[in-house]
Number of protein chains: 2
Amino acid sequence: MIPKGFVVTGVHAGIAKKKKNDLALIYSLVPANAAGMFTANLVKAAPVLLSREHLKKGKVFRGIVANSGNANACTGATGMKNAALMAATAARLLGGKPGEYLVASTGVIGQQMPAAPIARGVAAAADAVRAGKSDEAAAVSAIMTTDTLPKVSCRTVIIAGKKVTVWGCAKGAGMIHPDLRGLHATMLSFILTDAAVSRKVLEQTLTDAVRDSFNCVTVDSDTSTNDTLLLLANGAAGNKELQPGSAGCRAFAAAVAAVCLDLARLIARDGEGATRLVTVNITGASTDAGARKIAATIATSPLVKTAIFGNDANWGRVIAAAGRAGVAFDPDRVDISLGSLQVARQGGAVRFSEAAAKKILQKKEVSITLNLHQGNKSAVYYTCDYSFDYIKINASYRS
Amino acid sequence: MIPKGFVVTGVHAGIAKKKKNDLALIYSLVPANAAGMFTANLVKAAPVLLSREHLKKGKVFRGIVANSGNANACTGATGMKNAALMAATAARLLGGKPGEYLVASTGVIGQQMPAAPIARGVAAAADAVRAGKSDEAAAVSAIMTTDTLPKVSCRTVIIAGKKVTVWGCAKGAGMIHPDLRGLHATMLSFILTDAAVSRKVLEQTLTDAVRDSFNCVTVDSDTSTNDTLLLLANGAAGNKELQPGSAGCRAFAAAVAAVCLDLARLIARDGEGATRLVTVNITGASTDAGARKIAATIATSPLVKTAIFGNDANWGRVIAAAGRAGVAFDPDRVDISLGSLQVARQGGAVRFSEAAAKKILQKKEVSITLNLHQGNKSAVYYTCDYSFDYIKINASYRS
């Protein structure tokens, strides 16, 4: 359910080659606070540079214009002009300054965006927005590329008697390994809330939520030039502004974290060609950073990911990946389980039923757990398997 | 051509599931000097631990016993016993102490090796060795796993009137990303020479040769538990011992480097499922380390590797991979070429013929060159494309 005071829609602008919605417009009826996080890739797309600039200079924000079909990355001055056109067209038609609109793009890198479809698309979307009716499905589908399912999550919390809604959508199936200062994808995610909350609190809330959600998901270890996560809060719920450290603020933060985690898991589940959502759990680590590094190395290992596609309980590849993570631990203490089935103990084989392992591996969601027995730190990473379709999708993406 | 004073052979011992040669024996008729480099993976196979120990304690060496079909990794005390059995059986049958034999294994991780086939296999191989006749093809095939072609290279140099031969063989198609302190594979490579050369010079020669060969090849970025590179020099060529810094020593080092580079390229070319050998050239970098890091990131990018499989001149994926390497450079200065065809200039698109690009990409060997225009350092990395067969091979490796 779209939070109060927002209108979202999507249209077919003709930027993408396919006949599909390719331009999303999110509009807040009242000026909103915002926070954003962007790719850490050194190569940053024009919309990333522009949105970062707008967030830095602006105080309040009116909306988001996003397109699929073209990443507007490696496009130089013309690219910056096209990104600015997205914001300027929205401002001209819906009011406010261009700097009050944030933009995001996803698609092929290194090709110029066609300007005419952008202008046309924003105009059509603005018409819909002015009519005041949200089309959630149209908006969400407009940012999809190789995604096979729309990714939406919603939570409501009651804060001092007021119902506050947190709604988020995301796209991302390939070039996924978010690292939000810093995301890696192209992951785009927009989170809207009608809570009344200061920018400072929004920024902290987003940073905290990202650490264990978007920053723990990978499909192919390739960090995108375009990753963008935006959070708008317009205060339409009518609550008193959330005070840092208050129970209401904690409830709000929990809702944002839950939405981010839902979306991150949906991204892994819908990774390009994925047949399985894989959760990598590291427990018993001596440091948080070490736990994360080992989890990430296992989650990105092509040999682990292909083994899962093949329903192969090949735990040797899991421990081998852990061993190359650059984190100190004693291999002879490591226990490994698939789901609830232990497959290795103290770094060596245990007898287990291959049939039972296969049954676990064939489920839509597979968890791999390594207990390092070194300390009490842990980490969770979300990934997917590597299938024939991963190759198929990516060998023909541009053509 | 096998260097003087060495006998090499291979037999079917029954360690591998397939009916193929799976045990190689290399024997030097006279005690040889040796140098070795091993995987940097924290999880080290029993044969790696044993060979490292033997090299540390021993002065001269008689031979190498290697098997495929079982990695003897994550196998604890029993694994160490089986590795020791390989060396001890060779010593008993061919003379010398167990510590004068080096061992190596490749295959599935986490399963115990069967002891009986090892003993039988070494005995059969020792019989062949005693007969004095090398069977190069049998030896090389005995270490192959998912390799589709044998990997052999040979150079001869004349040093002060004496012909010196450097011969090397290697296996490795998956779990390949050598980092020889430190290799990542399971890459096994054995280099034999009849040169008279001290251990100290051997070690330096090997370290130097590895830097730009085995340590610059990747198939799947997964570092093995078993990578082993051994160099034996038995002096049978009759040259005066090579003096460090002499012309003869330089010629010898060049021959070893050439053999290592040949083998590294063969490994990339024969990567699991590979249809193309891909050379990633970074020029104009400000540091050597930065150049290597960018080359490695591009060479391991699943999106770059699948694009090449699809004959897709998708340079955006190349620059995106460079941008996530963690090395500072100005994206707006980067030029990119495929073979001799420029596809990007100053970080943006240039017009190029897609047909010409396709022709270049369809060749058996594809080179990607990035000039960063930041300095004068460079690096070369060897990799391969990701194909349907990569998935097929690795989804069913253990079964």
# chains A, B, ... in the order shown; residues from 1 in each chain; ligands from 1

call {"tool": "residues_around", "arguments": {"residues": "B:Leu266", "least_positions_apart": "2", "cutoff": "9 Å", "atoms": "only C-alpha atoms", "output": "list in words"}}
result
Leu149, Pro150, Lys151, Val152, Ala170, Leu261, Asp262, Leu263, Ala264, Ala268, Arg269, Asp270, Gly271 and Leu277 of chain B

call {"tool": "closest_atom_pairs", "arguments": {"of": "chain A", "to": "chain B", "cutoff": "8 Å", "atoms": "only C-alpha atoms", "output": "Markdown table"}}
result
| residue | atom | partner | partner_atom | distance |
| --- | --- | --- | --- | --- |
| A:Ala40 | CA | B:Arg324 | CA | 7.4 |
| A:Asn41 | CA | B:Arg324 | CA | 4.8 |
| A:Leu42 | CA | B:Gly323 | CA | 4.5 |
| A:Val43 | CA | B:Gly323 | CA | 5.1 |
| A:Cys74 | CA | B:Gly348 | CA | 5.0 |
| A:Thr75 | CA | B:Gly348 | CA | 5.6 |
| A:Gly76 | CA | B:Gly348 | CA | 6.7 |
| A:Val108 | CA | B:Gly316 | CA | 7.5 |
| A:Ile109 | CA | B:Gly316 | CA | 4.8 |
| A:Gly110 | CA | B:Ala349 | CA | 5.6 |
| A:Gln111 | CA | B:Ala349 | CA | 6.8 |
| A:Met175 | CA | B:Leu303 | CA | 7.4 |
| A:Asp220 | CA | B:Pro302 | CA | 6.3 |
| A:Ser221 | CA | B:Ser301 | CA | 7.5 |
| A:Asp222 | CA | B:Ser301 | CA | 6.4 |
| A:Thr223 | CA | B:Arg324 | CA | 6.1 |
| A:Ser224 | CA | B:Ala320 | CA | 6.4 |
| A:Thr225 | CA | B:Ala320 | CA | 6.1 |
| A:Ser301 | CA | B:Asp222 | CA | 6.4 |
| A:Pro302 | CA | B:Asp220 | CA | 6.3 |
| A:Leu303 | CA | B:Asn394 | CA | 6.5 |
| A:Thr306 | CA | B:Ala395 | CA | 4.9 |
| A:Ala307 | CA | B:Ala395 | CA | 4.8 |
| A:Ile308 | CA | B:Ala395 | CA | 7.2 |
| A:Phe309 | CA | B:Ala395 | CA | 5.9 |
| A:Gly310 | CA | B:Ala395 | CA | 4.0 |
| A:Asn311 | CA | B:Ala395 | CA | 7.5 |
| A:Asp312 | CA | B:Arg398 | CA | 7.1 |
| A:Asn314 | CA | B:Arg398 | CA | 7.0 |
| A:Trp315 | CA | B:Gly110 | CA | 7.7 |
| A:Gly316 | CA | B:Ile109 | CA | 4.8 |
| A:Arg317 | CA | B:Ile109 | CA | 7.4 |
| A:Ile319 | CA | B:Val43 | CA | 7.4 |
| A:Ala320 | CA | B:Thr225 | CA | 6.1 |
| A:Ala321 | CA | B:Asp222 | CA | 6.6 |
| A:Gly323 | CA | B:Leu42 | CA | 4.5 |
| A:Arg324 | CA | B:Asn41 | CA | 4.8 |
| A:Gly326 | CA | B:Leu42 | CA | 8.0 |
| A:Ala328 | CA | B:Leu42 | CA | 7.6 |
| A:Phe329 | CA | B:Leu42 | CA | 7.9 |
| A:Pro331 | CA | B:Val43 | CA | 6.0 |
| A:Asp332 | CA | B:Gly76 | CA | 7.9 |
| A:Gly347 | CA | B:Cys74 | CA | 5.7 |
| A:Gly348 | CA | B:Cys74 | CA | 5.0 |
| A:Ala349 | CA | B:Gly110 | CA | 5.6 |
| A:Tyr386 | CA | B:Ile391 | CA | 7.1 |
| A:Ser387 | CA | B:Ile391 | CA | 6.3 |
| A:Phe388 | CA | B:Phe388 | CA | 5.6 |
| A:Ile391 | CA | B:Thr306 | CA | 6.0 |
| A:Lys392 | CA | B:Phe388 | CA | 7.6 |
| A:Asn394 | CA | B:Thr306 | CA | 5.6 |
| A:Ala395 | CA | B:Gly310 | CA | 4.0 |
| A:Ser396 | CA | B:Gly310 | CA | 5.8 |
| A:Tyr397 | CA | B:Ala307 | CA | 7.9 |
| A:Arg398 | CA | B:Asn314 | CA | 7.0 |
| A:Ser399 | CA | B:Asp312 | CA | 7.6 |

call {"tool": "select_by_dssp", "arguments": {"residues": "stretch 39-235 of chain B", "states": "helix (DSSP H, G or I)", "output": "compact mmCIF listing (two decimals) with N, CA, C and O atoms, in the first residue's frame"}}
result
# COMPACT_ATOMS: atom_id res chain seq x y z
N ALA B 46 46.38 -32.24 2.56
CA ALA B 46 47.46 -33.01 3.19
C ALA B 46 48.72 -33.05 2.32
O ALA B 46 49.83 -32.84 2.84
N PRO B 47 48.63 -33.31 1.00
CA PRO B 47 49.85 -33.35 0.20
C PRO B 47 50.59 -32.01 0.16
O PRO B 47 51.83 -31.98 0.05
N VAL B 48 49.85 -30.92 0.28
CA VAL B 48 50.49 -29.59 0.32
C VAL B 48 51.29 -29.46 1.61
O VAL B 48 52.46 -29.04 1.60
N LEU B 49 50.67 -29.85 2.72
CA LEU B 49 51.36 -29.77 4.01
C LEU B 49 52.59 -30.66 4.02
O LEU B 49 53.66 -30.26 4.48
N LEU B 50 52.44 -31.87 3.44
CA LEU B 50 53.56 -32.81 3.46
C LEU B 50 54.71 -32.35 2.56
O LEU B 50 55.88 -32.38 2.96
N SER B 51 54.39 -31.91 1.35
CA SER B 51 55.44 -31.49 0.42
C SER B 51 56.18 -30.26 0.95
O SER B 51 57.40 -30.14 0.81
N ARG B 52 55.43 -29.36 1.57
CA ARG B 52 56.04 -28.17 2.15
C ARG B 52 57.04 -28.57 3.23
O ARG B 52 58.16 -28.04 3.30
N GLU B 53 56.63 -29.52 4.03
CA GLU B 53 57.47 -30.05 5.10
C GLU B 53 58.74 -30.70 4.52
O GLU B 53 59.85 -30.45 4.98
N HIS B 54 58.54 -31.52 3.51
CA HIS B 54 59.68 -32.21 2.89
C HIS B 54 60.67 -31.21 2.29
O HIS B 54 61.88 -31.35 2.43
N LEU B 55 60.12 -30.18 1.64
CA LEU B 55 60.99 -29.16 1.02
C LEU B 55 61.77 -28.41 2.09
O LEU B 55 62.93 -28.06 1.89
N LYS B 56 61.11 -28.17 3.21
CA LYS B 56 61.72 -27.40 4.29
C LYS B 56 62.88 -28.19 4.92
O LYS B 56 63.94 -27.65 5.18
N LYS B 57 62.63 -29.48 5.12
CA LYS B 57 63.62 -30.28 5.85
C LYS B 57 64.68 -30.89 4.93
O LYS B 57 65.79 -31.16 5.37
N GLY B 76 42.12 -34.66 7.51
CA GLY B 76 42.70 -34.86 8.85
C GLY B 76 43.90 -35.78 8.89
O GLY B 76 44.70 -35.85 7.95
N ALA B 77 44.01 -36.54 10.00
CA ALA B 77 45.18 -37.38 10.24
C ALA B 77 45.28 -38.51 9.23
O ALA B 77 46.37 -38.88 8.77
N THR B 78 44.12 -39.06 8.85
CA THR B 78 44.11 -40.14 7.85
C THR B 78 44.66 -39.62 6.52
O THR B 78 45.41 -40.32 5.82
N GLY B 79 44.28 -38.42 6.19
CA GLY B 79 44.77 -37.79 4.96
C GLY B 79 46.29 -37.64 4.98
O GLY B 79 46.96 -37.91 3.97
N MET B 80 46.83 -37.21 6.11
CA MET B 80 48.28 -37.06 6.21
C MET B 80 48.97 -38.41 6.06
O MET B 80 50.03 -38.52 5.43
N LYS B 81 48.33 -39.44 6.61
CA LYS B 81 48.90 -40.79 6.50
C LYS B 81 48.93 -41.24 5.04
O LYS B 81 49.90 -41.83 4.57
N ASN B 82 47.85 -40.95 4.32
CA ASN B 82 47.80 -41.34 2.91
C ASN B 82 48.79 -40.56 2.05
O ASN B 82 49.39 -41.13 1.13
N ALA B 83 48.97 -39.30 2.36
CA ALA B 83 49.97 -38.51 1.62
C ALA B 83 51.36 -39.09 1.88
O ALA B 83 52.18 -39.26 0.96
N ALA B 84 51.60 -39.43 3.16
CA ALA B 84 52.90 -40.00 3.52
C ALA B 84 53.11 -41.36 2.84
O ALA B 84 54.23 -41.71 2.44
N LEU B 85 52.00 -42.10 2.67
CA LEU B 85 52.08 -43.40 2.02
C LEU B 85 52.57 -43.26 0.57
O LEU B 85 53.34 -44.11 0.08
N MET B 86 52.13 -42.21 -0.10
CA MET B 86 52.56 -41.97 -1.48
C MET B 86 54.09 -41.82 -1.54
O MET B 86 54.76 -42.43 -2.38
N ALA B 87 54.62 -41.02 -0.63
CA ALA B 87 56.07 -40.79 -0.61
C ALA B 87 56.82 -42.03 -0.14
O ALA B 87 57.85 -42.42 -0.73
N ALA B 88 56.29 -42.67 0.88
CA ALA B 88 56.99 -43.82 1.47
C ALA B 88 57.05 -44.99 0.49
O ALA B 88 58.07 -45.69 0.40
N THR B 89 55.96 -45.22 -0.22
CA THR B 89 55.93 -46.33 -1.18
C THR B 89 56.96 -46.09 -2.29
O THR B 89 57.70 -47.00 -2.69
N ALA B 90 57.01 -44.86 -2.79
CA ALA B 90 58.00 -44.54 -3.83
C ALA B 90 59.41 -44.75 -3.30
O ALA B 90 60.27 -45.33 -4.00
N ALA B 91 59.67 -44.31 -2.08
CA ALA B 91 61.02 -44.45 -1.51
C ALA B 91 61.40 -45.91 -1.34
O ALA B 91 62.52 -46.33 -1.65
N ARG B 92 60.43 -46.70 -0.88
CA ARG B 92 60.70 -48.12 -0.65
C ARG B 92 61.05 -48.82 -1.97
O ARG B 92 61.97 -49.64 -2.02
N LEU B 93 60.35 -48.46 -3.03
CA LEU B 93 60.52 -49.16 -4.30
C LEU B 93 61.65 -48.58 -5.15
O LEU B 93 62.24 -49.28 -5.97
N LEU B 94 61.94 -47.28 -4.99
CA LEU B 94 62.90 -46.63 -5.89
C LEU B 94 64.15 -46.13 -5.17
O LEU B 94 65.09 -45.63 -5.80
N PRO B 98 61.68 -41.27 2.30
CA PRO B 98 60.36 -40.70 1.98
C PRO B 98 60.41 -39.18 1.82
O PRO B 98 59.75 -38.62 0.97
N GLY B 99 61.25 -38.53 2.64
CA GLY B 99 61.35 -37.08 2.61
C GLY B 99 61.95 -36.56 1.32
O GLY B 99 61.95 -35.36 1.06
N GLU B 100 62.48 -37.47 0.49
CA GLU B 100 63.06 -37.04 -0.79
C GLU B 100 62.03 -37.09 -1.93
O GLU B 100 62.37 -36.85 -3.07
N ALA B 115 43.58 -46.29 0.29
CA ALA B 115 45.02 -46.56 0.42
C ALA B 115 45.51 -47.62 -0.56
O ALA B 115 46.61 -47.51 -1.11
N ALA B 116 44.70 -48.66 -0.77
CA ALA B 116 45.17 -49.79 -1.60
C ALA B 116 45.54 -49.36 -3.02
O ALA B 116 46.62 -49.71 -3.52
N PRO B 117 44.68 -48.60 -3.70
CA PRO B 117 45.04 -48.16 -5.05
C PRO B 117 46.32 -47.33 -5.10
O PRO B 117 47.06 -47.42 -6.07
N ILE B 118 46.56 -46.54 -4.06
CA ILE B 118 47.78 -45.73 -4.05
C ILE B 118 48.99 -46.66 -4.08
O ILE B 118 49.88 -46.52 -4.92
N ALA B 119 48.99 -47.62 -3.17
CA ALA B 119 50.13 -48.54 -3.07
C ALA B 119 50.31 -49.30 -4.39
O ALA B 119 51.42 -49.40 -4.91
N ARG B 120 49.19 -49.80 -4.91
CA ARG B 120 49.23 -50.53 -6.19
C ARG B 120 49.74 -49.64 -7.31
O ARG B 120 50.56 -50.04 -8.13
N GLY B 121 49.21 -48.43 -7.35
CA GLY B 121 49.55 -47.51 -8.44
C GLY B 121 51.01 -47.11 -8.41
O GLY B 121 51.68 -47.11 -9.45
N VAL B 122 51.50 -46.78 -7.21
CA VAL B 122 52.92 -46.40 -7.12
C VAL B 122 53.80 -47.59 -7.52
O VAL B 122 54.81 -47.41 -8.22
N ALA B 123 53.39 -48.78 -7.13
CA ALA B 123 54.18 -49.97 -7.49
C ALA B 123 54.23 -50.16 -9.01
O ALA B 123 55.31 -50.40 -9.58
N ALA B 124 53.08 -50.03 -9.65
CA ALA B 124 53.05 -50.19 -11.11
C ALA B 124 53.88 -49.12 -11.79
O ALA B 124 54.63 -49.39 -12.75
N ALA B 125 53.76 -47.88 -11.29
CA ALA B 125 54.52 -46.79 -11.88
C ALA B 125 56.02 -46.97 -11.65
O ALA B 125 56.84 -46.71 -12.54
N ALA B 126 56.37 -47.47 -10.46
CA ALA B 126 57.79 -47.68 -10.15
C ALA B 126 58.40 -48.74 -11.07
O ALA B 126 59.55 -48.61 -11.50
N ASP B 127 57.60 -49.76 -11.40
CA ASP B 127 58.08 -50.78 -12.35
C ASP B 127 58.44 -50.12 -13.68
O ASP B 127 59.49 -50.38 -14.26
N ALA B 128 57.54 -49.26 -14.15
CA ALA B 128 57.77 -48.59 -15.43
C ALA B 128 59.01 -47.70 -15.35
O ALA B 128 59.81 -47.64 -16.29
N VAL B 129 59.14 -47.02 -14.21
CA VAL B 129 60.29 -46.12 -14.04
C VAL B 129 61.60 -46.90 -14.03
O VAL B 129 62.58 -46.50 -14.65
N ARG B 130 61.59 -48.03 -13.35
CA ARG B 130 62.81 -48.85 -13.29
C ARG B 130 63.21 -49.34 -14.66
O ARG B 130 64.38 -49.53 -14.95
N GLU B 136 55.60 -39.77 -21.45
CA GLU B 136 55.18 -38.40 -21.16
C GLU B 136 53.66 -38.26 -21.18
O GLU B 136 53.06 -37.66 -20.28
N ALA B 137 53.03 -38.83 -22.19
CA ALA B 137 51.56 -38.71 -22.33
C ALA B 137 50.85 -39.34 -21.14
O ALA B 137 49.86 -38.80 -20.62
N ALA B 138 51.36 -40.50 -20.69
CA ALA B 138 50.73 -41.17 -19.55
C ALA B 138 50.86 -40.34 -18.28
O ALA B 138 49.92 -40.23 -17.49
N ALA B 139 52.04 -39.75 -18.10
CA ALA B 139 52.26 -38.94 -16.89
C ALA B 139 51.34 -37.72 -16.89
O ALA B 139 50.69 -37.42 -15.89
N VAL B 140 51.30 -37.04 -18.01
CA VAL B 140 50.53 -35.80 -18.07
C VAL B 140 49.03 -36.08 -17.93
O VAL B 140 48.31 -35.37 -17.23
N SER B 141 48.57 -37.14 -18.56
CA SER B 141 47.14 -37.45 -18.49
C SER B 141 46.74 -37.88 -17.07
O SER B 141 45.58 -37.72 -16.68
N ALA B 142 47.69 -38.40 -16.31
CA ALA B 142 47.35 -38.92 -14.97
C ALA B 142 46.99 -37.82 -13.99
O ALA B 142 46.37 -38.08 -12.96
N ARG B 199 69.78 -24.56 -5.20
CA ARG B 199 68.41 -24.42 -4.72
C ARG B 199 68.00 -22.96 -4.59
O ARG B 199 66.88 -22.59 -4.91
N LYS B 200 68.94 -22.15 -4.14
CA LYS B 200 68.64 -20.72 -3.95
C LYS B 200 68.25 -20.07 -5.28
O LYS B 200 67.27 -19.31 -5.36
N VAL B 201 69.02 -20.38 -6.31
CA VAL B 201 68.72 -19.81 -7.63
C VAL B 201 67.40 -20.36 -8.15
O VAL B 201 66.58 -19.64 -8.72
N LEU B 202 67.18 -21.66 -7.92
CA LEU B 202 65.91 -22.27 -8.34
C LEU B 202 64.72 -21.55 -7.73
O LEU B 202 63.73 -21.26 -8.40
N GLU B 203 64.82 -21.29 -6.42
CA GLU B 203 63.70 -20.65 -5.72
C GLU B 203 63.42 -19.25 -6.26
O GLU B 203 62.27 -18.88 -6.49
N GLN B 204 64.50 -18.51 -6.49
CA GLN B 204 64.32 -17.15 -7.02
C GLN B 204 63.75 -17.21 -8.44
O GLN B 204 62.84 -16.43 -8.79
N THR B 205 64.26 -18.13 -9.22
CA THR B 205 63.80 -18.27 -10.61
C THR B 205 62.30 -18.58 -10.65
O THR B 205 61.55 -18.01 -11.44
N LEU B 206 61.88 -19.48 -9.76
CA LEU B 206 60.49 -19.89 -9.75
C LEU B 206 59.58 -18.73 -9.31
O LEU B 206 58.55 -18.46 -9.92
N THR B 207 60.00 -18.05 -8.25
CA THR B 207 59.22 -16.91 -7.76
C THR B 207 59.05 -15.86 -8.85
O THR B 207 57.95 -15.32 -9.06
N ASP B 208 60.13 -15.56 -9.53
CA ASP B 208 60.07 -14.55 -10.60
C ASP B 208 59.17 -15.02 -11.74
O ASP B 208 58.38 -14.24 -12.28
N ALA B 209 59.29 -16.28 -12.10
CA ALA B 209 58.53 -16.80 -13.25
C ALA B 209 57.03 -16.82 -12.96
O ALA B 209 56.21 -16.59 -13.84
N VAL B 210 56.70 -17.08 -11.71
CA VAL B 210 55.29 -17.24 -11.33
C VAL B 210 54.53 -15.93 -11.35
O VAL B 210 53.36 -15.88 -11.69
N ARG B 211 55.22 -14.86 -11.04
CA ARG B 211 54.55 -13.56 -10.88
C ARG B 211 53.73 -13.18 -12.10
O ARG B 211 52.59 -12.75 -11.98
N PHE B 214 51.60 -18.02 -13.69
CA PHE B 214 50.55 -18.68 -12.92
C PHE B 214 49.78 -17.72 -12.01
O PHE B 214 48.60 -17.91 -11.77
N ASN B 215 50.46 -16.70 -11.50
CA ASN B 215 49.76 -15.76 -10.62
C ASN B 215 48.93 -14.73 -11.38
O ASN B 215 48.37 -13.82 -10.78
N CYS B 216 48.86 -14.88 -12.69
CA CYS B 216 48.03 -13.99 -13.52
C CYS B 216 47.05 -14.78 -14.35
O CYS B 216 46.68 -14.37 -15.45

call {"tool": "atom_distance", "arguments": {"atom1": "atom CA of A:Ala254", "atom2": "atom CA of A:Thr279"}}
result
20.9 Å

call {"tool": "select_by_dssp", "arguments": {"residues": "stretch 136-360 of chain B", "states": "strand (DSSP E or B)", "output": "count of residues only"}}
result
53

call {"tool": "decode", "arguments": {"residues": "stretch 324-348 of chain B", "atoms": "C-alpha atoms", "output": "PDB file, in the first residue's frame"}}
result
ATOM      1  CA  ARG B 324      34.943  -1.715  -8.607  1.00  0.00           C
ATOM      2  CA  ALA B 325      38.552  -2.929  -8.346  1.00  0.00           C
ATOM      3  CA  GLY B 326      39.320  -0.565  -5.486  1.00  0.00           C
ATOM      4  CA  VAL B 327      42.044   1.252  -7.423  1.00  0.00           C
ATOM      5  CA  ALA B 328      41.961   5.019  -8.017  1.00  0.00           C
ATOM      6  CA  PHE B 329      41.843   6.205 -11.632  1.00  0.00           C
ATOM      7  CA  ASP B 330      39.928   8.737 -13.689  1.00  0.00           C
ATOM      8  CA  PRO B 331      37.198   6.900 -15.639  1.00  0.00           C
ATOM      9  CA  ASP B 332      37.029   9.798 -18.098  1.00  0.00           C
ATOM     10  CA  ARG B 333      40.503   9.014 -19.399  1.00  0.00           C
ATOM     11  CA  VAL B 334      40.044   5.300 -20.072  1.00  0.00           C
ATOM     12  CA  ASP B 335      40.447   3.955 -23.623  1.00  0.00           C
ATOM     13  CA  ILE B 336      39.277   0.397 -24.332  1.00  0.00           C
ATOM     14  CA  SER B 337      40.099  -1.845 -27.291  1.00  0.00           C
ATOM     15  CA  LEU B 338      39.067  -5.350 -28.288  1.00  0.00           C
ATOM     16  CA  GLY B 339      42.014  -6.706 -30.235  1.00  0.00           C
ATOM     17  CA  SER B 340      43.022  -3.713 -32.354  1.00  0.00           C
ATOM     18  CA  LEU B 341      39.500  -2.262 -32.456  1.00  0.00           C
ATOM     19  CA  GLN B 342      38.907   0.728 -30.203  1.00  0.00           C
ATOM     20  CA  VAL B 343      35.453   0.555 -28.595  1.00  0.00           C
ATOM     21  CA  ALA B 344      35.671   3.327 -25.977  1.00  0.00           C
ATOM     22  CA  ARG B 345      37.645   6.542 -25.691  1.00  0.00           C
ATOM     23  CA  GLN B 346      37.973   8.769 -22.621  1.00  0.00           C
ATOM     24  CA  GLY B 347      35.443   6.667 -20.759  1.00  0.00           C
ATOM     25  CA  GLY B 348      32.735   6.978 -23.390  1.00  0.00           C
TER      26      GLY B 348
END
